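Engineer: I'm passing along run-v9.cif; it holds mmCIF, C-alpha atoms.
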```
data_model
#
loop_
_atom_site.label_atom_id
_atom_site.label_comp_id
_atom_site.auth_asym_id
_atom_site.auth_seq_id
_atom_site.Cartn_x
_atom_site.Cartn_y
_atom_site.Cartn_z
CA MET A 7 0.00 0.00 0.00
CA SER A 8 1.11 3.54 -0.61
CA ASN A 9 1.08 6.49 1.76
CA ASN A 10 -0.12 8.90 -0.93
CA VAL A 11 -3.13 6.77 -1.93
CA PHE A 12 -6.13 6.70 0.37
CA LYS A 13 -7.18 3.16 1.28
CA ARG A 14 -10.34 1.48 2.49
CA LEU A 15 -9.47 -0.27 5.74
CA LEU A 16 -11.39 -2.53 8.11
CA ILE A 17 -10.80 -2.41 11.89
CA ALA A 18 -12.42 -5.16 13.98
CA PRO A 19 -11.66 -5.93 17.66
CA MET A 20 -12.82 -8.83 19.79
CA ASP A 21 -15.86 -8.24 22.03
CA TRP A 22 -13.99 -9.17 25.23
CA GLY A 23 -14.83 -6.31 27.53
CA LEU A 24 -14.20 -2.77 26.31
CA GLY A 25 -10.40 -2.92 26.22
CA HIS A 26 -9.91 -4.43 22.76
CA THR A 27 -12.23 -1.78 21.33
CA SER A 28 -10.80 1.20 23.23
CA ARG A 29 -7.21 0.42 22.29
CA CYS A 30 -8.17 0.59 18.61
CA VAL A 31 -9.09 4.27 19.14
CA PRO A 32 -5.58 5.70 18.55
CA ILE A 33 -5.14 3.52 15.45
CA ILE A 34 -8.47 4.63 13.99
CA SER A 35 -7.72 8.25 14.88
CA TYR A 36 -4.35 8.19 13.13
CA LEU A 37 -5.66 6.44 10.01
CA LEU A 38 -8.45 9.01 9.71
CA ARG A 39 -5.93 11.80 10.17
CA LEU A 40 -3.92 10.36 7.28
CA GLY A 41 -7.05 10.50 5.14
CA HIS A 42 -7.88 6.81 4.83
CA LYS A 43 -11.41 5.42 4.78
CA VAL A 44 -11.96 3.40 7.97
CA THR A 45 -14.84 1.01 8.56
CA PHE A 46 -15.31 -0.40 12.06
CA ALA A 47 -16.84 -3.84 12.59
CA GLY A 48 -18.26 -4.94 15.92
CA ASN A 49 -21.38 -5.82 17.85
CA LYS A 50 -23.97 -3.25 18.92
CA TRP A 51 -22.28 -1.89 22.03
CA GLN A 52 -18.87 -1.78 20.32
CA ARG A 53 -20.31 0.18 17.41
CA ASN A 54 -22.09 2.56 19.79
CA PHE A 55 -18.82 3.28 21.58
CA ILE A 56 -16.92 3.93 18.34
CA GLU A 57 -19.72 6.03 16.83
CA GLU A 58 -19.71 8.25 19.93
CA THR A 59 -15.92 8.54 19.72
CA PHE A 60 -15.81 9.13 15.94
CA PRO A 61 -19.11 10.71 14.81
CA GLY A 62 -19.84 9.87 11.19
CA ILE A 63 -17.56 6.83 10.96
CA GLU A 64 -18.92 3.86 9.00
CA THR A 65 -19.67 0.83 11.15
CA ILE A 66 -20.93 -2.62 10.25
CA HIS A 67 -22.17 -5.50 12.38
CA ILE A 68 -20.18 -8.63 13.09
CA ASP A 69 -21.14 -11.27 15.65
CA GLY A 70 -19.03 -11.40 18.78
CA TYR A 71 -17.28 -14.38 20.37
CA ASN A 72 -19.53 -13.92 23.43
CA VAL A 73 -17.07 -15.55 25.83
CA ARG A 74 -18.35 -15.69 29.41
CA TYR A 75 -16.95 -16.75 32.77
CA ASN A 76 -18.91 -18.75 35.27
CA ASN A 77 -19.98 -17.19 38.55
CA SER A 78 -17.34 -18.98 40.58
CA GLY A 79 -14.53 -17.34 38.60
CA ASN A 80 -12.78 -20.66 38.03
CA GLY A 81 -10.01 -21.04 35.49
CA LEU A 82 -10.33 -19.13 32.24
CA ILE A 83 -8.68 -21.90 30.22
CA PHE A 84 -11.31 -24.46 31.25
CA SER A 85 -14.06 -21.94 30.53
CA ILE A 86 -12.70 -21.28 27.05
CA LEU A 87 -12.25 -24.99 26.32
CA LYS A 88 -15.92 -25.57 27.12
CA GLN A 89 -16.87 -22.78 24.71
CA ALA A 90 -14.27 -23.72 22.07
CA PRO A 91 -16.72 -25.26 19.55
CA GLY A 92 -18.76 -22.06 19.46
CA ILE A 93 -15.64 -19.88 19.26
CA LEU A 94 -14.22 -21.92 16.36
CA LYS A 95 -17.53 -21.65 14.50
CA THR A 96 -17.43 -17.88 14.94
CA ILE A 97 -13.86 -17.75 13.65
CA LYS A 98 -14.80 -19.78 10.58
CA ARG A 99 -17.88 -17.66 9.99
CA GLU A 100 -16.05 -14.35 10.28
CA HIS A 101 -13.35 -15.56 7.88
CA ALA A 102 -15.98 -16.38 5.25
CA TRP A 103 -17.66 -13.02 5.92
CA LEU A 104 -14.42 -11.11 5.31
CA ASP A 105 -13.61 -13.20 2.25
CA GLU A 106 -16.87 -12.16 0.60
CA LEU A 107 -16.32 -8.47 1.39
CA VAL A 108 -12.78 -8.61 -0.02
CA LYS A 109 -14.03 -10.31 -3.20
CA GLU A 110 -16.50 -7.44 -3.58
CA GLY A 111 -13.60 -4.99 -3.34
CA ARG A 112 -14.85 -3.41 -0.11
CA PHE A 113 -11.49 -3.34 1.69
CA GLU A 114 -7.80 -3.07 0.86
CA GLY A 115 -6.43 -3.85 4.31
CA VAL A 116 -7.64 -5.25 7.62
CA ILE A 117 -6.51 -4.78 11.22
CA SER A 118 -7.97 -7.34 13.60
CA ASP A 119 -7.65 -7.18 17.37
CA ASN A 120 -7.73 -10.78 18.60
CA ARG A 121 -10.27 -11.88 15.97
CA TYR A 122 -8.57 -14.90 14.45
CA GLY A 123 -10.75 -15.34 11.37
CA LEU A 124 -10.25 -11.84 9.95
CA TYR A 125 -7.38 -12.54 7.59
CA SER A 126 -7.18 -12.68 3.82
CA SER A 127 -4.45 -13.61 1.35
CA ARG A 128 -5.83 -10.97 -1.01
CA ILE A 129 -5.15 -7.94 1.19
CA PRO A 130 -2.60 -7.05 3.92
CA SER A 131 -3.92 -8.55 7.16
CA VAL A 132 -2.73 -7.67 10.66
CA ILE A 133 -3.72 -9.04 14.07
CA ILE A 134 -3.12 -7.20 17.35
CA THR A 135 -2.44 -9.23 20.49
CA HIS A 136 -0.42 -8.68 23.66
CA GLN A 137 -0.52 -12.40 24.50
CA LEU A 138 1.95 -14.31 22.37
CA GLU A 139 2.26 -16.82 25.20
CA VAL A 140 -0.96 -17.52 27.06
CA GLN A 141 -0.48 -18.05 30.78
CA THR A 142 -2.63 -21.14 31.26
CA GLY A 143 -2.01 -21.54 34.98
CA LEU A 144 -1.23 -25.21 34.22
CA GLY A 145 2.56 -24.97 34.00
CA GLN A 146 5.11 -24.16 31.31
CA LEU A 147 4.48 -27.36 29.34
CA ALA A 148 0.83 -26.39 28.87
CA ASN A 149 1.91 -22.84 28.05
CA ASN A 150 4.22 -24.14 25.33
CA LEU A 151 1.50 -26.34 23.83
CA PHE A 152 -0.98 -23.46 23.73
CA ARG A 153 1.68 -21.16 22.26
CA LYS A 154 2.40 -23.62 19.45
CA GLN A 155 -1.27 -23.75 18.50
CA HIS A 156 -1.57 -20.01 18.93
CA TYR A 157 1.33 -19.38 16.53
CA ARG A 158 -0.40 -21.53 13.91
CA MET A 159 -3.42 -19.24 14.09
CA LEU A 160 -1.29 -16.10 14.07
CA GLY A 161 0.52 -17.45 11.01
CA HIS A 162 -2.57 -16.76 8.90
CA PHE A 163 -1.80 -13.05 9.20
CA ALA A 164 0.93 -11.15 7.37
CA GLU A 165 1.93 -9.43 10.62
CA VAL A 166 1.31 -9.73 14.35
CA TRP A 167 1.33 -6.40 16.20
CA VAL A 168 2.16 -6.53 19.91
CA PRO A 169 1.12 -3.31 21.73
CA ASP A 170 4.27 -3.05 23.82
CA VAL A 171 7.95 -2.25 23.39
CA ALA A 172 10.47 -4.89 22.37
CA GLY A 173 12.99 -4.43 25.17
CA GLU A 174 12.89 -3.73 28.90
CA PRO A 175 11.23 -2.27 30.81
CA ASN A 176 7.94 -3.30 29.27
CA ILE A 177 4.32 -3.85 30.33
CA SER A 178 3.40 -7.35 29.21
CA GLY A 179 6.36 -9.34 30.60
CA LYS A 180 6.27 -12.99 29.50
CA LEU A 181 2.90 -12.56 27.80
CA GLY A 182 4.35 -10.46 25.00
CA HIS A 183 8.00 -11.53 25.34
CA PRO A 184 8.16 -15.35 25.43
CA GLU A 185 11.37 -17.24 24.70
CA LYS A 186 10.19 -17.97 21.16
CA ILE A 187 8.70 -15.11 19.16
CA ALA A 188 6.46 -15.64 16.13
CA ALA A 189 8.37 -14.81 12.95
CA ASN A 190 5.85 -12.21 11.80
CA THR A 191 5.81 -10.29 15.12
CA ARG A 192 6.34 -6.54 15.37
CA TYR A 193 6.25 -4.47 18.58
CA ILE A 194 4.28 -1.30 17.93
CA GLY A 195 4.50 0.45 21.31
CA CYS A 196 1.59 1.16 23.66
CA LEU A 197 -1.95 1.98 22.56
CA SER A 198 -4.01 4.28 24.77
CA GLN A 199 -7.34 5.85 23.88
CA LEU A 200 -6.28 8.86 25.98
CA GLU A 201 -2.99 9.73 24.28
CA ALA A 202 -4.31 12.06 21.57
CA SER A 203 -6.07 14.42 23.96
CA LYS A 204 -3.84 14.50 27.02
CA THR A 205 -4.01 17.78 28.95
CA ASP A 206 -2.74 18.97 32.29
CA LEU A 207 -5.30 18.94 35.10
CA GLN A 208 -4.42 18.82 38.78
CA GLU A 209 -5.43 15.89 40.98
CA ASP A 210 -8.31 16.68 43.34
CA GLY A 211 -8.02 13.75 45.73
CA SER A 212 -10.85 11.77 44.14
CA LEU A 213 -11.05 8.00 43.99
CA LEU A 214 -11.90 6.65 40.54
CA VAL A 215 -13.50 3.21 40.24
CA LEU A 216 -13.13 2.15 36.62
CA LEU A 217 -14.92 -1.12 35.86
CA SER A 218 -14.53 -3.24 32.74
CA GLY A 219 -14.41 -6.85 31.59
CA VAL A 220 -16.75 -9.66 30.70
CA GLU A 221 -19.82 -10.80 32.56
CA PRO A 222 -20.73 -11.90 35.09
CA GLN A 223 -17.44 -10.98 36.78
CA ARG A 224 -17.78 -7.26 35.98
CA SER A 225 -21.15 -7.14 37.76
CA ILE A 226 -19.85 -9.15 40.72
CA LEU A 227 -17.00 -6.70 41.32
CA SER A 228 -19.29 -3.72 40.75
CA LYS A 229 -21.62 -4.84 43.53
CA GLN A 230 -18.68 -5.49 45.85
CA LEU A 231 -16.99 -2.14 45.24
CA TRP A 232 -20.25 -0.18 45.43
CA GLN A 233 -20.77 -1.38 48.99
CA GLU A 234 -17.20 -0.31 49.81
CA VAL A 235 -17.36 3.19 48.32
CA CYS A 236 -20.72 3.95 49.93
CA GLU A 237 -18.90 3.78 53.28
CA TYR A 238 -15.90 5.79 52.00
CA ASN A 239 -15.67 9.40 53.17
CA GLY A 240 -13.90 10.96 50.19
CA LYS A 241 -14.99 11.97 46.69
CA VAL A 242 -15.68 8.98 44.39
CA ILE A 243 -16.23 8.72 40.64
CA PHE A 244 -17.80 5.34 39.92
CA VAL A 245 -17.72 4.29 36.24
CA GLU A 246 -19.79 1.15 35.75
CA GLY A 247 -18.32 0.27 32.35
CA SER A 248 -21.62 -1.03 30.97
CA ARG A 249 -24.70 0.72 29.58
CA ASN A 250 -26.80 -2.36 30.34
CA SER A 251 -26.17 -2.35 34.09
CA LYS A 252 -28.89 -1.42 36.55
CA SER A 253 -28.28 1.88 38.32
CA PRO A 254 -28.13 1.89 42.14
CA GLY A 255 -31.35 2.88 43.82
CA THR A 256 -29.76 5.53 46.02
CA ILE A 257 -26.54 7.38 45.18
CA PRO A 258 -24.78 9.08 48.14
CA GLY A 259 -23.77 12.69 47.68
CA HIS A 260 -20.02 11.96 47.67
CA ILE A 261 -20.33 9.60 44.68
CA THR A 262 -20.68 10.54 41.02
CA TYR A 263 -22.15 7.52 39.22
CA LEU A 264 -21.61 7.01 35.48
CA LYS A 265 -22.52 3.98 33.38
CA GLN A 266 -20.03 4.36 30.53
CA VAL A 267 -17.82 7.18 29.30
CA THR A 268 -16.11 8.13 26.05
CA LYS A 269 -12.38 8.84 25.97
CA ASP A 270 -13.03 12.59 26.04
CA GLU A 271 -15.18 12.17 29.16
CA LEU A 272 -12.73 9.77 30.81
CA LEU A 273 -9.65 11.95 30.29
CA PRO A 274 -10.39 14.74 32.82
CA ILE A 275 -11.86 12.24 35.29
CA MET A 276 -8.70 10.15 35.26
CA GLN A 277 -6.39 13.16 35.35
CA ARG A 278 -8.09 14.54 38.45
CA ALA A 279 -8.18 11.17 40.23
CA SER A 280 -5.55 10.58 42.88
CA VAL A 281 -6.17 6.83 42.99
CA VAL A 282 -7.71 4.51 40.39
CA ILE A 283 -9.27 1.14 41.21
CA ALA A 284 -9.55 -1.08 38.14
CA ARG A 285 -9.16 -4.54 36.70
CA SER A 286 -5.67 -5.45 35.57
CA GLY A 287 -6.82 -5.54 31.94
CA TYR A 288 -4.09 -4.73 29.47
CA SER A 289 -5.79 -1.74 27.84
CA THR A 290 -6.58 -0.21 31.23
CA ILE A 291 -2.96 -0.68 32.25
CA MET A 292 -1.74 1.10 29.10
CA ASP A 293 -4.01 4.05 29.97
CA LEU A 294 -2.70 4.11 33.55
CA VAL A 295 0.93 4.02 32.38
CA LEU A 296 0.34 6.93 30.02
CA MET A 297 -1.37 8.98 32.72
CA ASN A 298 1.22 7.97 35.36
CA LYS A 299 -1.50 7.13 37.87
CA LYS A 300 -1.41 5.36 41.20
CA ALA A 301 -3.70 2.38 40.89
CA ILE A 302 -5.09 -0.56 42.82
CA LEU A 303 -5.47 -3.46 40.40
CA ILE A 304 -7.98 -6.24 41.08
CA PRO A 305 -7.52 -9.14 38.60
CA THR A 306 -10.59 -10.97 37.39
CA ALA A 307 -10.75 -14.19 39.40
CA GLY A 308 -9.53 -17.11 37.30
CA GLN A 309 -8.32 -14.96 34.40
CA THR A 310 -4.69 -15.98 34.34
CA GLU A 311 -3.66 -13.12 32.05
CA GLN A 312 -4.89 -10.48 34.49
CA GLU A 313 -3.51 -12.36 37.47
CA TYR A 314 -0.10 -12.52 35.78
CA LEU A 315 -0.12 -8.85 34.73
CA GLY A 316 -1.21 -7.67 38.16
CA GLY A 317 1.45 -9.75 39.92
CA HIS A 318 4.13 -8.81 37.39
CA LEU A 319 3.55 -5.07 37.78
CA HIS A 320 3.13 -5.35 41.56
CA LYS A 321 6.54 -7.02 41.86
CA GLN A 322 8.07 -4.22 39.79
CA GLY A 323 6.51 -1.65 42.12
CA VAL A 324 4.45 -0.07 39.34
CA PHE A 325 0.89 -0.76 40.56
CA TYR A 326 -0.54 -2.18 43.76
CA CYS A 327 -2.36 -5.47 43.10
CA THR A 328 -4.73 -7.33 45.40
CA PRO A 329 -7.18 -10.23 44.89
CA GLN A 330 -10.92 -9.65 44.66
CA LYS A 331 -11.74 -12.17 47.36
CA GLY A 332 -11.65 -10.44 50.70
CA PHE A 333 -10.96 -7.02 49.17
CA ASP A 334 -11.18 -4.24 51.74
CA LEU A 335 -10.95 -0.65 50.51
CA LYS A 336 -9.68 0.88 53.75
CA ASN A 337 -6.95 -1.73 54.16
CA SER A 338 -5.89 -1.44 50.50
CA LEU A 339 -5.62 2.36 50.71
CA LYS A 340 -3.56 1.98 53.88
CA GLU A 341 -1.28 -0.63 52.29
CA MET A 342 -0.70 1.46 49.18
CA GLU A 343 0.72 4.29 51.29
CA ARG A 344 3.84 2.14 51.66
CA PHE A 345 3.90 1.05 48.01
CA PRO A 346 6.61 2.65 45.80
CA PHE A 347 4.51 3.27 42.66
CA SER A 348 7.56 3.43 40.44
CA HIS A 349 6.89 5.17 37.12
CA LEU A 350 7.25 2.78 34.19
CA SER A 351 9.37 4.90 31.89
CA ILE A 352 9.10 3.64 28.32
CA LYS A 353 10.54 6.17 25.90
CA ASP A 354 8.23 7.10 23.00
CA ALA A 355 6.08 4.07 23.78
CA HIS A 356 2.85 5.86 22.86
CA ASN A 357 4.12 7.22 19.54
CA GLN A 358 5.72 4.12 18.06
CA TYR A 359 2.51 2.73 16.56
CA ARG A 360 2.29 5.67 14.14
CA GLN A 361 5.58 4.73 12.51
CA GLU A 362 4.44 1.11 12.23
CA ILE A 363 1.16 2.14 10.61
CA GLU A 364 2.96 4.30 8.05
CA ARG A 365 5.39 1.46 7.31
CA TRP A 366 2.49 -0.98 6.86
CA LEU A 367 0.61 1.41 4.59
CA SER A 368 3.66 1.74 2.37
CA LEU A 369 4.04 -2.01 1.75
#
```
Mind turning this structure into structure tokens?
Structural biologist:
Amino acid sequence: MSNNVFKRLLIAPMDWGLGHTSRCVPIISYLLRLGHKVTFAGNKWQRNFIEETFPGIETIHIDGYNVRYNNSGNGLIFSILKQAPGILKTIKREHAWLDELVKEGRFEGVISDNRYGLYSSRIPSVIITHQLEVQTGLGQLANNLFRKQHYRMLGHFAEVWVPDVAGEPNISGKLGHPEKIAANTRYIGCLSQLEASKTDLQEDGSLLVLLSGVEPQRSILSKQLWQEVCEYNGKVIFVEGSRNSKSPGTIPGHITYLKQVTKDELLPIMQRASVVIARSGYSTIMDLVLMNKKAILIPTAGQTEQEYLGGHLHKQGVFYCTPQKGFDLKNSLKEMERFPFSHLSIKDAHNQYRQEIERWLSL
């Protein structure tokens, strides 16, 4: 592709919480700035989010993977294995869907975020993932077996884009930097929906609760944290992270309750917050690193990726991490007073993706 020729490009992230969608925001923004025609594919709530962020953008429907955890929060791997037949059918169906659109001449390039069927030999195809090596929680042998199968699926794409830096320090640790790297891997730096509109606002001492993730675990944590913040004496901004959630019956005066926010709404809220409580989802972490925020991370129970990321960054002194079971807000705030909160300094990490996009467009 050529930089001086405008292209018709498809962007399609997985429907796994909001993170895969929100981290596509800087990519979409930059492609639009370069003058390319971008079409976004997703389910209803993904399209609503993108249409609010980019008024006038073309969106089309594509069925989601609809992965769910059970209420007990048991191992993610076992949950996925149970749902594997349905996931594989979706992958096969989305590949046929893209193939027809490409035959019709609709698109000249595709960027998929963890959607494994959206590749085509007819146009340049890219997949974004920060998990080259899945942490199964079953030991390194199982990790290696899953990685081998994973690399087969990634091999369908011309390039694999890892939203992290190649060296150290980095965010993803072993997830994005396993011993064996897929041959078509490129590190594109960090992706944050907040990077394009960063401003300087002073912290006001507020506590930001920023919920995200798949159901029913998002709702379980929401209920737990709501009870905690109702007894908290300071200012609280509580972002539910879902438009479909039921609002609390009574909202105390010290709490501002929001269901879901756009990046422009989130930016000043996060900048003013002195402490952020959030899942240890990768996209959320990239936002926190960019904003240099103190955060309490609560991994989704049984999601080995989040448990690994939270533990990895806790050991490095970057973010305070604590399990959901038995979480106590007062104790966590007291513990974090002794936590170092070392700034993760990654030079030009949030600008690198632009160079990679321009390189890809010139192929």
Engineer: On this structure, the PyMOL selection byres ((chain A and resi 323-335) around 8) would catch which residues? List them as an MDAnalysis selection string, sorted by chain and number.
Structural biologist: chainID A and resid 227 234:235 300:307 316:317 319:322 336:339 342 345:350
Engineer: Please evaluate the PyMOL selection byres ((chain A and resi 141-144) around 9) against the displayed coordinates and give the resulting residues as a VMD selection string.
Structural biologist: chain A and resid 81 to 83 137 139 to 140 145 to 149 152 180 to 181 309 to 311 314
Engineer: Since I can't run it myself right now, could you work out what the PyMOL selection byres ((chain A and resi 269) around 9) selects here and report it as number ranges by chain?
Structural biologist: A: 28, 31, 59, 199-200, 203, 267-268, 270-273
Engineer: Within 6 Å of (-1.7, 1.0, 26.0) (coordinates as in the file), grab all the protein and nucleic acid residues, counting all atoms listed in the file, and write them out as a ChimeraX atom specification.
Structural biologist: /A:196-198,289,292-293
Engineer: Could you turn the residues from that selection into a file that holds C-alpha atoms, as a JSON list (two decimals), in the coordinates of the input?
Structural biologist:
```json
[["chain", "number", "residue", "atom", "x", "y", "z"],
["A", 196, "CYS", "CA", 1.59, 1.16, 23.66],
["A", 197, "LEU", "CA", -1.95, 1.98, 22.56],
["A", 198, "SER", "CA", -4.01, 4.28, 24.77],
["A", 289, "SER", "CA", -5.79, -1.74, 27.84],
["A", 292, "MET", "CA", -1.74, 1.10, 29.10],
["A", 293, "ASP", "CA", -4.01, 4.05, 29.97]]
```
Engineer: Quick one: distance from CA of Glu201 (chain A) to CA of Lys50 (chain A) in Å, one decimal?
Structural biologist: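 We find that CA of Glu201 (chain A) and CA of Lys50 (chain A) lie 25.2 Å from each other.
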Engineer: Find the distance between CA of Leu124 (chain A) and CA of Lys43 (chain A) and write it in Å to one decimal.
Structural biologist: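 That distance, rounded to one decimal, is 18.1 Å.
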Engineer: Which of these, A:Tyr238, A:Tyr359, A:Trp232, A:Tyr288, has the shortest distance to Tyr263 (chain A) once you count only C-alpha atoms?
Structural biologist: A:Trp232
Engineer: Could you tell me how far CA of Met20 (chain A) sits from CA of Ser131 (chain A), in Å to one decimal place?
Structural biologist: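 CA of Met20 (chain A) lies 15.5 Å from CA of Ser131 (chain A).
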Engineer: Between A:Ile187, A:Ile17, A:Val220, A:Ala172, single out the one closest to Gln358 (chain A), counting all atoms listed in the file.
Structural biologist: A:Ala172
Engineer: Show me the residues around (-17.0, -20.7, 12.4) - criterion: an atom at most 12 Å away, only C-alpha atoms counted - as a PyMOL selection string.
Structural biologist: chain A and resi 69-71+90-103+121-124
Engineer: For those residues, write C-alpha atoms to a file as a PDB file, keeping the file's coordinate frame.
Structural biologist:
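File out-v5.pdb, as written:
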```pdb
ATOM      1  CA  ASP A  69     -21.140 -11.270  15.650  1.00  0.00           C
ATOM      2  CA  GLY A  70     -19.030 -11.400  18.780  1.00  0.00           C
ATOM      3  CA  TYR A  71     -17.280 -14.380  20.370  1.00  0.00           C
ATOM      4  CA  ALA A  90     -14.270 -23.720  22.070  1.00  0.00           C
ATOM      5  CA  PRO A  91     -16.720 -25.260  19.550  1.00  0.00           C
ATOM      6  CA  GLY A  92     -18.760 -22.060  19.460  1.00  0.00           C
ATOM      7  CA  ILE A  93     -15.640 -19.880  19.260  1.00  0.00           C
ATOM      8  CA  LEU A  94     -14.220 -21.920  16.360  1.00  0.00           C
ATOM      9  CA  LYS A  95     -17.530 -21.650  14.500  1.00  0.00           C
ATOM     10  CA  THR A  96     -17.430 -17.880  14.940  1.00  0.00           C
ATOM     11  CA  ILE A  97     -13.860 -17.750  13.650  1.00  0.00           C
ATOM     12  CA  LYS A  98     -14.800 -19.780  10.580  1.00  0.00           C
ATOM     13  CA  ARG A  99     -17.880 -17.660   9.990  1.00  0.00           C
ATOM     14  CA  GLU A 100     -16.050 -14.350  10.280  1.00  0.00           C
ATOM     15  CA  HIS A 101     -13.350 -15.560   7.880  1.00  0.00           C
ATOM     16  CA  ALA A 102     -15.980 -16.380   5.250  1.00  0.00           C
ATOM     17  CA  TRP A 103     -17.660 -13.020   5.920  1.00  0.00           C
ATOM     18  CA  ARG A 121     -10.270 -11.880  15.970  1.00  0.00           C
ATOM     19  CA  TYR A 122      -8.570 -14.900  14.450  1.00  0.00           C
ATOM     20  CA  GLY A 123     -10.750 -15.340  11.370  1.00  0.00           C
ATOM     21  CA  LEU A 124     -10.250 -11.840   9.950  1.00  0.00           C
TER      22      LEU A 124
END
```
Engineer: I'd like the contact shell of Gly115 (chain A) - 10 Å cut-off, all atoms listed in the file, skipping same-chain residues fewer than 5 positions apart - returned as a list in words.
Structural biologist: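 Those residues are Met7, Lys13, Arg14, Leu15, Leu16, Ile17, Val44, Val108, Tyr125, Ser126, Arg128, Ile129, Pro130, Ser131, Val132, Trp366 and Leu367 of chain A.
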Engineer: Find the smallest box with edges along x, y and z containing every listed atom of region 225-230 of chain A, then add 3 Å on each side and report centre and edge lengths in Å to one decimal, as JSON.
Structural biologist:
```
{"center_x": -19.3, "center_y": -6.4, "center_z": 41.8, "size_x": 10.6, "size_y": 11.4, "size_z": 14.1}
```
Engineer: Near Leu213 (chain A), within 7 Å and counting only C-alpha atoms, which residues show up once chain neighbours fewer than 6 positions away are dropped, as a list in words?
Structural biologist: Lys241, Val242, Ile243, Ala279, Ser280, Val281 and Val282 of chain A
Engineer: If you count only C-alpha atoms, which residues fall within 12 Å of Pro254 (chain A), apart from same-chain ones fewer than 2 positions away, as a list of chain:residue names?
Structural biologist: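 After dropping sequence-adjacent residues, the list is A:Ser228, A:Lys229, A:Trp232, A:Gln233, A:Cys236, A:Phe244, A:Glu246, A:Ser251, A:Lys252, A:Thr256, A:Ile257, A:Pro258, A:Ile261, A:Thr262, A:Tyr263, A:Leu264, A:Lys265.
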Engineer: Calculated over only C-alpha atoms, which of the candidates A:Thr290, A:Trp167, A:His260, A:Arg224 has the smallest distance to Thr27 (chain A)?
Structural biologist: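 Between A:Thr290, A:Trp167, A:His260, A:Arg224, the residue approaching Thr27 (chain A) most closely is A:Thr290.
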